[in-house]
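Below is one structure, written out as structure tokens, with a few remarks after it.
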Amino acid sequence: MNRPAEPSQSAVAVPRLRKRREYVAMRGGDRIVKPGFVLVSRRRGAGEPGPALRRFGFTVTKRIGNAVERNRIRRRLKEAARHASVGRLDGGFDHVLIGRRAALALEFAALVDDLAGGLDRAATMASKPRRGRRRRGGTKD
């Protein structure tokens with residue numbers, strides 16, 4: 001009998017953000033802008049439920065293109081997240097990848113490298129104390 005081949009590490013699904021409240025909680029997270037995506041990262045608090053693994057959410061707005069293009073970008077980002085997560089043990093983070101049109105044209109290896117670099121940068125940003133954010137627009141009196 002032939003046994004099925006062992007699934008590769010990239011075939012293992014990454015834990016996902018599924019509920020709207022999980023995405024809404026990401027609004028105050030650190031933003032890292034790359035050509036193919038915007039990475040929003042946030043460390044989960046001690047009282048928050050969820051696995052000790054890093055979780056990913058994926059979104060692509062309608063401004064980017066039609067459904068075929070948006071789904072292609074989302075699929076590329078999901079696969080890049082699988083590849084970039086291999087060997088990374090720092091859990092307790094939630095990440096949302098907001099797809100950009102450039103994700104269609106970028107080489108896949110460059111997309112994975114950008115994401116791996118963004119994940120490393122997010123981990124270092126989370127370890128530093130946060131300063132107040134600058135307001136956009138005018139000041140309130």
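Quick note on naming: the chains in the structure tokens go A, B, ... in the order shown, residues restart at 1 in each chain, and ligands are numbered from 1 in order of appearance.
Excluding Gly99 (chain A) itself and any same-chain residue fewer than 5 positions from it, the protein and nucleic acid residues within 8 Å of it, counting only C-alpha atoms, are Gly36, Phe37, Val38, Phe58, Thr59, Val60, Thr61, Ile73, Arg74 and Leu77 of chain A.
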Selected residues, N, CA and C atoms, written as a tab-separated table (two decimals), in the first residue's frame, please.
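Listing of part.tsv after writing:
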chain	number	residue	atom	x	y	z
A	36	GLY	N	3.64	45.04	-1.08
A	36	GLY	CA	2.53	44.15	-1.40
A	36	GLY	C	1.43	44.09	-0.37
A	37	PHE	N	1.65	44.68	0.80
A	37	PHE	CA	0.65	44.58	1.87
A	37	PHE	C	0.95	45.59	2.96
A	38	VAL	N	-0.02	45.78	3.83
A	38	VAL	CA	0.18	46.51	5.08
A	38	VAL	C	-0.02	45.49	6.19
A	58	PHE	N	-6.75	38.19	7.00
A	58	PHE	CA	-6.45	38.66	5.65
A	58	PHE	C	-7.63	39.47	5.14
A	59	THR	N	-7.32	40.61	4.54
A	59	THR	CA	-8.38	41.41	3.96
A	59	THR	C	-7.84	42.14	2.73
A	60	VAL	N	-8.69	42.27	1.75
A	60	VAL	CA	-8.38	43.01	0.53
A	60	VAL	C	-9.62	43.82	0.18
A	61	THR	N	-9.48	45.14	0.09
A	61	THR	CA	-10.65	45.99	-0.14
A	61	THR	C	-11.09	45.97	-1.59
A	73	ILE	N	-4.93	37.84	-4.64
A	73	ILE	CA	-4.06	38.50	-3.66
A	73	ILE	C	-4.19	37.81	-2.31
A	74	ARG	N	-5.41	37.53	-1.89
A	74	ARG	CA	-5.64	36.88	-0.60
A	74	ARG	C	-4.97	35.51	-0.54
A	77	LEU	N	-1.21	35.97	-0.17
A	77	LEU	CA	-0.86	36.39	1.18
A	77	LEU	C	-0.97	35.23	2.17
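When DSSP reads the backbone of this structure, the residues of region 48-91 of chain A it assigns to strand (DSSP E or B) are Arg55, Phe56, Gly57, Phe58 and Thr59 of chain A.
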Just N, CA and C atoms for this one: save the residues we selected as a tab-separated table (two decimals), in the first residue's frame.
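Listed below is the output, result_38.tsv:
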chain	number	residue	atom	x	y	z
A	55	ARG	N	-1.66	34.44	15.16
A	55	ARG	CA	-2.84	34.27	14.31
A	55	ARG	C	-2.81	35.33	13.21
A	56	PHE	N	-3.38	34.99	12.06
A	56	PHE	CA	-3.40	35.89	10.92
A	56	PHE	C	-4.82	36.15	10.47
A	57	GLY	N	-5.04	37.37	10.00
A	57	GLY	CA	-6.27	37.74	9.33
A	57	GLY	C	-5.88	38.33	7.98
A	58	PHE	N	-6.75	38.19	7.00
A	58	PHE	CA	-6.45	38.66	5.65
A	58	PHE	C	-7.63	39.47	5.14
A	59	THR	N	-7.32	40.61	4.54
A	59	THR	CA	-8.38	41.41	3.96
A	59	THR	C	-7.84	42.14	2.73
- Query: Hey, what's within 12 Å of Asp114 (chain A) if we count only C-alpha atoms and toss same-chain stuff fewer than 6 positions away? As a ChimeraX atom specification, please?
  - Reply: /A:32-39,77,80-81,83-84,97,103,106-108,120-121
